[in-house]
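One file, run34.cif, carrying mmCIF, C-alpha atoms:
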```cif
data_data
loop_
_atom_site.label_atom_id
_atom_site.label_comp_id
_atom_site.auth_asym_id
_atom_site.auth_seq_id
_atom_site.Cartn_x
_atom_site.Cartn_y
_atom_site.Cartn_z
CA ALA A 174 0.00 0.00 0.00
CA GLN A 175 1.09 3.53 -0.59
CA SER A 176 0.42 6.81 1.14
CA VAL A 177 1.64 10.39 1.17
CA THR A 178 1.87 12.84 4.05
CA GLN A 179 2.38 16.51 3.42
CA LEU A 180 3.41 18.40 6.52
CA GLY A 181 1.55 21.67 6.85
CA SER A 182 -1.67 22.43 5.04
CA HIS A 183 -0.60 26.09 4.82
CA VAL A 184 2.91 27.49 4.52
CA SER A 185 3.77 31.19 4.36
CA VAL A 186 7.09 32.54 3.18
CA SER A 187 8.30 36.02 2.36
CA GLU A 188 9.02 36.97 -1.22
CA GLY A 189 12.67 36.12 -1.92
CA ALA A 190 12.88 33.58 0.89
CA LEU A 191 13.48 29.86 0.61
CA VAL A 192 10.44 27.70 -0.11
CA LEU A 193 10.40 24.27 1.56
CA LEU A 194 7.36 22.04 1.26
CA ARG A 195 7.64 18.71 3.03
CA CYS A 196 6.47 15.36 1.76
CA ASN A 197 6.93 11.91 3.22
CA TYR A 198 5.70 8.79 1.52
CA SER A 199 5.10 5.17 2.28
CA SER A 200 5.47 2.55 -0.43
CA SER A 201 5.95 -1.21 -0.41
CA VAL A 202 7.60 -1.08 -3.84
CA PRO A 203 9.99 1.42 -5.46
CA PRO A 204 7.97 4.54 -6.14
CA TYR A 205 7.48 7.15 -8.75
CA LEU A 206 7.20 10.47 -6.90
CA PHE A 207 5.57 13.63 -8.16
CA TRP A 208 4.94 17.23 -7.25
CA TYR A 209 2.04 19.05 -8.83
CA VAL A 210 0.95 22.67 -8.61
CA GLN A 211 -2.59 23.93 -8.87
CA TYR A 212 -3.38 27.59 -9.32
CA PRO A 213 -6.83 28.86 -8.32
CA ASN A 214 -9.59 27.53 -10.54
CA GLN A 215 -7.14 25.64 -12.71
CA GLY A 216 -6.10 22.06 -13.31
CA LEU A 217 -3.04 20.17 -12.15
CA GLN A 218 0.34 20.96 -13.60
CA LEU A 219 3.28 18.63 -13.13
CA LEU A 220 6.23 20.44 -11.52
CA LEU A 221 8.61 17.51 -11.47
CA LYS A 222 8.80 13.79 -11.04
CA TYR A 223 11.28 11.22 -9.82
CA THR A 224 11.45 7.93 -11.69
CA THR A 225 14.96 6.51 -11.49
CA GLY A 226 18.51 7.79 -11.53
CA ALA A 227 19.56 11.11 -10.05
CA THR A 228 17.88 11.70 -6.72
CA LEU A 229 17.88 15.49 -7.12
CA VAL A 230 15.19 16.33 -9.62
CA LYS A 231 14.85 19.73 -11.22
CA GLY A 232 11.47 20.92 -12.36
CA ILE A 233 9.80 23.92 -13.86
CA ASN A 234 9.69 27.42 -12.38
CA GLY A 235 12.95 26.92 -10.44
CA PHE A 236 11.64 24.13 -8.19
CA GLU A 237 13.56 21.03 -7.30
CA ALA A 238 13.05 18.03 -5.04
CA GLU A 239 15.34 15.42 -3.59
CA PHE A 240 14.41 11.77 -3.22
CA LYS A 241 15.79 10.45 0.07
CA LYS A 242 15.02 6.77 0.33
CA SER A 243 16.40 6.42 3.86
CA GLU A 244 14.08 9.16 5.06
CA THR A 245 11.18 8.24 2.72
CA SER A 246 11.01 11.92 1.83
CA PHE A 247 10.61 13.99 -1.31
CA HIS A 248 10.66 17.60 -0.14
CA LEU A 249 10.13 20.41 -2.63
CA THR A 250 12.35 23.49 -2.54
CA LYS A 251 12.89 26.75 -4.36
CA PRO A 252 15.70 29.12 -3.38
CA SER A 253 13.78 32.35 -3.79
CA ALA A 254 10.00 32.66 -3.67
CA HIS A 255 8.08 34.80 -6.14
CA MET A 256 4.57 36.15 -5.69
CA SER A 257 3.54 34.00 -8.65
CA ASP A 258 4.39 30.84 -6.66
CA ALA A 259 1.29 31.28 -4.51
CA ALA A 260 -0.74 28.15 -5.23
CA GLU A 261 -1.57 24.72 -3.86
CA TYR A 262 1.07 22.02 -4.13
CA PHE A 263 0.42 18.29 -4.12
CA CYS A 264 2.93 15.53 -3.53
CA ALA A 265 2.00 12.17 -5.01
CA VAL A 266 3.28 8.59 -5.29
CA SER A 267 2.71 5.69 -7.64
CA PRO A 268 4.36 2.28 -7.82
CA MET A 269 7.24 2.26 -10.27
CA ASN A 270 6.93 0.35 -13.50
CA ARG A 271 3.36 -0.60 -12.88
CA ASP A 272 0.29 0.79 -14.52
CA ASP A 273 -1.26 1.87 -11.25
CA LYS A 274 -3.04 4.85 -9.84
CA ILE A 275 -1.46 7.91 -8.26
CA ILE A 276 -1.99 8.54 -4.57
CA PHE A 277 -2.04 12.22 -3.67
CA GLY A 278 -1.25 14.03 -0.47
CA LYS A 279 -3.79 16.45 0.95
CA GLY A 280 -1.94 19.44 -0.45
CA THR A 281 -0.08 22.44 0.95
CA ARG A 282 -1.26 25.93 0.19
CA LEU A 283 1.73 28.22 -0.27
CA HIS A 284 1.25 31.89 0.64
CA ILE A 285 3.85 34.46 -0.42
CA LEU A 286 4.18 37.50 1.81
CA PRO A 287 5.30 40.78 0.22
CA ASP B 263 -1.53 21.93 -23.60
CA SER B 264 -1.39 18.38 -22.29
CA GLY B 265 -2.99 16.84 -25.35
CA VAL B 266 -5.71 15.35 -23.16
CA THR B 267 -9.05 17.09 -23.53
CA GLN B 268 -12.04 17.04 -21.23
CA THR B 269 -15.51 18.31 -21.93
CA PRO B 270 -17.37 20.19 -20.75
CA LYS B 271 -15.12 22.54 -18.77
CA HIS B 272 -17.92 23.53 -16.46
CA LEU B 273 -21.20 21.88 -15.68
CA ILE B 274 -23.94 23.18 -13.41
CA THR B 275 -26.85 20.94 -12.64
CA ALA B 276 -29.39 20.12 -9.97
CA THR B 277 -29.59 17.39 -7.37
CA GLY B 278 -31.02 14.15 -8.66
CA GLN B 279 -29.82 14.72 -12.20
CA ARG B 280 -27.44 12.65 -14.31
CA VAL B 281 -24.42 13.97 -16.19
CA THR B 282 -21.73 12.58 -18.46
CA LEU B 283 -18.16 13.82 -18.45
CA ARG B 284 -15.95 13.10 -21.42
CA CYS B 285 -12.22 12.56 -21.71
CA SER B 286 -10.33 12.33 -24.98
CA PRO B 287 -6.82 10.96 -24.53
CA ARG B 288 -3.68 11.54 -26.52
CA SER B 289 -3.10 9.28 -29.47
CA GLY B 290 -1.88 5.92 -28.22
CA ASP B 291 -2.99 6.26 -24.60
CA LEU B 292 -4.53 2.90 -23.76
CA SER B 293 -5.03 3.68 -20.07
CA VAL B 294 -7.32 6.27 -18.62
CA TYR B 295 -7.63 7.11 -14.94
CA TRP B 296 -10.38 9.24 -13.44
CA TYR B 297 -9.79 11.32 -10.33
CA GLN B 298 -12.08 13.48 -8.24
CA GLN B 299 -10.97 16.58 -6.37
CA SER B 300 -13.42 17.77 -3.73
CA LEU B 301 -13.10 19.99 -0.70
CA ASP B 302 -14.00 17.10 1.62
CA GLN B 303 -11.99 14.24 0.14
CA GLY B 304 -9.11 15.97 -1.59
CA LEU B 305 -7.75 14.33 -4.72
CA GLN B 306 -8.73 10.70 -5.02
CA PHE B 307 -8.65 7.97 -7.61
CA LEU B 308 -12.02 6.82 -8.91
CA ILE B 309 -11.51 4.22 -11.63
CA GLN B 310 -9.11 3.01 -14.31
CA TYR B 311 -9.77 1.59 -17.76
CA TYR B 312 -7.26 -0.06 -20.02
CA ASN B 313 -8.04 -0.67 -23.68
CA GLY B 314 -11.76 -0.78 -23.03
CA GLU B 315 -11.69 -2.90 -19.90
CA GLU B 316 -12.10 -1.83 -16.32
CA ARG B 317 -8.76 -2.40 -14.60
CA ALA B 318 -9.06 -0.95 -11.11
CA LYS B 319 -11.57 0.76 -8.87
CA GLY B 320 -10.97 3.28 -6.16
CA ASN B 321 -13.40 5.25 -4.05
CA ILE B 322 -16.06 5.34 -6.69
CA LEU B 323 -19.69 5.52 -5.61
CA GLU B 324 -22.18 3.04 -7.01
CA ARG B 325 -24.04 6.00 -8.55
CA PHE B 326 -20.98 6.61 -10.71
CA SER B 327 -19.85 4.52 -13.65
CA ALA B 328 -17.39 4.82 -16.49
CA GLN B 329 -16.73 3.44 -19.93
CA GLN B 330 -13.87 3.43 -22.38
CA PHE B 331 -14.86 3.19 -26.02
CA PRO B 332 -13.05 1.54 -28.97
CA ASP B 333 -11.59 4.89 -29.99
CA LEU B 334 -10.23 5.08 -26.41
CA HIS B 335 -12.18 8.12 -25.33
CA SER B 336 -13.77 7.68 -21.95
CA GLU B 337 -16.92 8.84 -20.23
CA LEU B 338 -17.67 9.17 -16.55
CA ASN B 339 -21.37 8.96 -15.76
CA LEU B 340 -22.66 10.44 -12.52
CA SER B 341 -26.28 9.84 -11.57
CA SER B 342 -28.68 10.79 -8.78
CA LEU B 343 -26.40 13.71 -8.12
CA GLU B 344 -26.00 15.09 -4.62
CA LEU B 345 -24.58 18.38 -3.41
CA GLY B 346 -21.46 16.55 -2.26
CA ASP B 347 -20.69 15.45 -5.79
CA SER B 348 -19.66 18.99 -6.63
CA ALA B 349 -16.00 18.66 -7.49
CA LEU B 350 -13.35 18.88 -10.15
CA TYR B 351 -13.06 15.68 -12.16
CA PHE B 352 -9.81 14.89 -13.93
CA CYS B 353 -8.76 12.21 -16.35
CA ALA B 354 -5.16 11.20 -16.99
CA PRO B 355 -3.15 8.53 -18.77
CA THR B 356 -0.75 6.15 -17.09
CA PRO B 357 1.33 7.58 -14.19
CA ALA B 358 4.47 7.50 -16.28
CA ASP B 359 2.83 10.18 -18.44
CA THR B 360 1.17 12.23 -15.74
CA GLN B 361 2.27 15.52 -17.21
CA TYR B 362 -0.69 14.89 -19.41
CA PHE B 363 -3.48 15.34 -16.88
CA GLY B 364 -6.60 16.67 -18.52
CA PRO B 365 -7.71 20.19 -17.56
CA GLY B 366 -10.68 18.87 -15.64
CA THR B 367 -14.43 19.32 -15.61
CA ARG B 368 -15.81 21.41 -12.76
CA LEU B 369 -19.17 20.03 -11.68
CA THR B 370 -21.45 22.15 -9.54
CA VAL B 371 -24.57 20.53 -8.13
CA LEU B 372 -27.18 22.98 -6.87
#
```

Would you write out, as structure tokens, the structure that this file holds?
Amino acid sequence: AQSVTQLGSHVSVSEGALVLLRCNYSSSVPPYLFWYVQYPNQGLQLLLKYTTGATLVKGINGFEAEFKKSETSFHLTKPSAHMSDAAEYFCAVSPMNRDDKIIFGKGTRLHILP
Amino acid sequence: DSGVTQTPKHLITATGQRVTLRCSPRSGDLSVYWYQQSLDQGLQFLIQYYNGEERAKGNILERFSAQQFPDLHSELNLSSLELGDSALYFCAPTPADTQYFGPGTRLTVL
């Protein structure tokens, strides 16, 4: 079975500050890991995903995430927050190399303070 | 543009009614997954079809059903609608291609 825990349903950071959104997962098989962003009244947009290989994954809009198997974590970071980063972020997991559903976390709403 | 299309974009209807949501995949996508995003339940998997056959079921209500047609487009049928069915409904291909989530259909039940 698989599950995702996102720590903090709301996170506020100042513009220009580091963004850190935390995600821990549970998976009985090697996972695919994903981060999605959702802007108000819009659909889901894939920020980045981990499949295999390099554990530091770079995504769009300056975001990156690091897969740490020992910590079962996949935290999302961005060095310098922009006002346009205000949105809801979802971490998700799916079993690797299997045609199986994605399990989503409950989401973290990111607020950017001027 | 993900290449996956969903129609309609918005749907407003009344309790007790029946609606059909449509998903048109990218060329070659044999799998389709349906997800529901609601305020109460968050984002959850509903059902999967593969090449016309039901493959897996998630938290899908008995009032809901889906089909995948020979041309691989899929429909999600929601009947006897309740206020709590108001949500955003997404379709997507296999997880390996999840950058191709459809834009969603926003269903509002009044």

Have a look at atom CA of A:Tyr209 and atom CA of A:Tyr262 and let me know their distance in Å, one decimal.
5.6 Å

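Here atom CA of A:Asn197 and atom CA of A:Tyr223 stand 13.8 Å from one another.
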
Kindly provide the residues of chain A that approach chain B to within 8 Å, each paired with its closest atom pair and their distance in Å to one decimal, based on all atoms listed in the file, listed by chain and increasing number, as a tab-separated table.
```
residue	atom	partner	partner_atom	distance
A:Gln215	CA	B:Pro365	CA	7.3
A:Gly216	CA	B:Pro365	CA	4.9
A:Leu217	CA	B:Phe363	CA	6.8
A:Gln218	CA	B:Gln361	CA	6.8
A:Leu219	CA	B:Gln361	CA	5.2
A:Ser267	CA	B:Pro357	CA	7.0
A:Asp272	CA	B:Thr356	CA	6.0
A:Asp273	CA	B:Pro357	CA	6.9
A:Lys274	CA	B:Pro357	CA	6.7
A:Ile275	CA	B:Pro357	CA	6.6
A:Ile276	CA	B:Gln306	CA	7.1
A:Phe277	CA	B:Leu305	CA	6.2
A:Gly278	CA	B:Leu305	CA	7.8
A:Lys279	CA	B:Gly304	CA	5.9
```

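Look at A:Phe207: the protein and nucleic acid residues within 6 Å of it, using all atoms listed in the file and passing over chain neighbours fewer than 5 places away, are Leu221, Lys222, Cys264 and Ala265 of chain A.
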
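Going from atom CA of B:Glu344 to atom CA of B:Ser300 covers 12.9 Å.
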
With the file shown as input, list the residues that the PyMOL selection byres ((chain A and resi 240) around 8) selects, as a list of chain:residue names.
A:Tyr223, A:Thr228, A:Leu229, A:Val230, A:Ala238, A:Glu239, A:Lys241, A:Lys242, A:Thr245, A:Ser246, A:Phe247, A:His248

Within 9 Å of (-15.5, 16.7, 0.9) in the file's own coordinates, which protein, DNA or RNA residues have an atom, counting only C-alpha atoms? List them as a PyMOL selection string.
chain B and resi 299-304+346-349

Got a sec to check which residues sit within 12 Å of (2.9, 31.7, 2.6), counting all atoms listed in the file, and write them as a ChimeraX atom specification?
/A:181-194,254-262,281-287

Hits of the PyMOL selection byres ((chain B and resi 334) around 10) in this structure, as JSON, numbers by chain:
{"B": [285, 286, 287, 288, 289, 290, 291, 292, 293, 294, 311, 312, 313, 314, 329, 330, 331, 332, 333, 335, 336, 337]}

Write out the residues from the selection above, keeping C-alpha atoms, as a PDB file, in the coordinates of the input.
```pdb
ATOM      1  CA  CYS B 285     -12.220  12.560 -21.710  1.00  0.00           C
ATOM      2  CA  SER B 286     -10.330  12.330 -24.980  1.00  0.00           C
ATOM      3  CA  PRO B 287      -6.820  10.960 -24.530  1.00  0.00           C
ATOM      4  CA  ARG B 288      -3.680  11.540 -26.520  1.00  0.00           C
ATOM      5  CA  SER B 289      -3.100   9.280 -29.470  1.00  0.00           C
ATOM      6  CA  GLY B 290      -1.880   5.920 -28.220  1.00  0.00           C
ATOM      7  CA  ASP B 291      -2.990   6.260 -24.600  1.00  0.00           C
ATOM      8  CA  LEU B 292      -4.530   2.900 -23.760  1.00  0.00           C
ATOM      9  CA  SER B 293      -5.030   3.680 -20.070  1.00  0.00           C
ATOM     10  CA  VAL B 294      -7.320   6.270 -18.620  1.00  0.00           C
ATOM     11  CA  TYR B 311      -9.770   1.590 -17.760  1.00  0.00           C
ATOM     12  CA  TYR B 312      -7.260  -0.060 -20.020  1.00  0.00           C
ATOM     13  CA  ASN B 313      -8.040  -0.670 -23.680  1.00  0.00           C
ATOM     14  CA  GLY B 314     -11.760  -0.780 -23.030  1.00  0.00           C
ATOM     15  CA  GLN B 329     -16.730   3.440 -19.930  1.00  0.00           C
ATOM     16  CA  GLN B 330     -13.870   3.430 -22.380  1.00  0.00           C
ATOM     17  CA  PHE B 331     -14.860   3.190 -26.020  1.00  0.00           C
ATOM     18  CA  PRO B 332     -13.050   1.540 -28.970  1.00  0.00           C
ATOM     19  CA  ASP B 333     -11.590   4.890 -29.990  1.00  0.00           C
ATOM     20  CA  HIS B 335     -12.180   8.120 -25.330  1.00  0.00           C
ATOM     21  CA  SER B 336     -13.770   7.680 -21.950  1.00  0.00           C
ATOM     22  CA  GLU B 337     -16.920   8.840 -20.230  1.00  0.00           C
TER      23      GLU B 337
END
```

Box along x, y and z, 8 Å on every side, all listed atoms of stretch 257-273 of chain A inside: centre and edge lengths in Å to one decimal, as AutoDock Vina command-line options.
```
--center_x 2.8 --center_y 16.7 --center_z -9.0 --size_x 24.8 --size_y 50.6 --size_z 27.0
```

Taking 2 positions as the minimum chain separation for residues in the same chain, which residues sit within 8 Å of B:Leu345 when counting all atoms listed in the file? Answer as a compact mmCIF listing (two decimals) with C-alpha atoms, in the coordinates of the input.
```txt
# COMPACT_ATOMS: atom_id res chain seq x y z
CA THR B 277 -29.59 17.39 -7.37
CA LEU B 343 -26.40 13.71 -8.12
CA ASP B 347 -20.69 15.45 -5.79
CA SER B 348 -19.66 18.99 -6.63
CA THR B 370 -21.45 22.15 -9.54
CA VAL B 371 -24.57 20.53 -8.13
CA LEU B 372 -27.18 22.98 -6.87
```
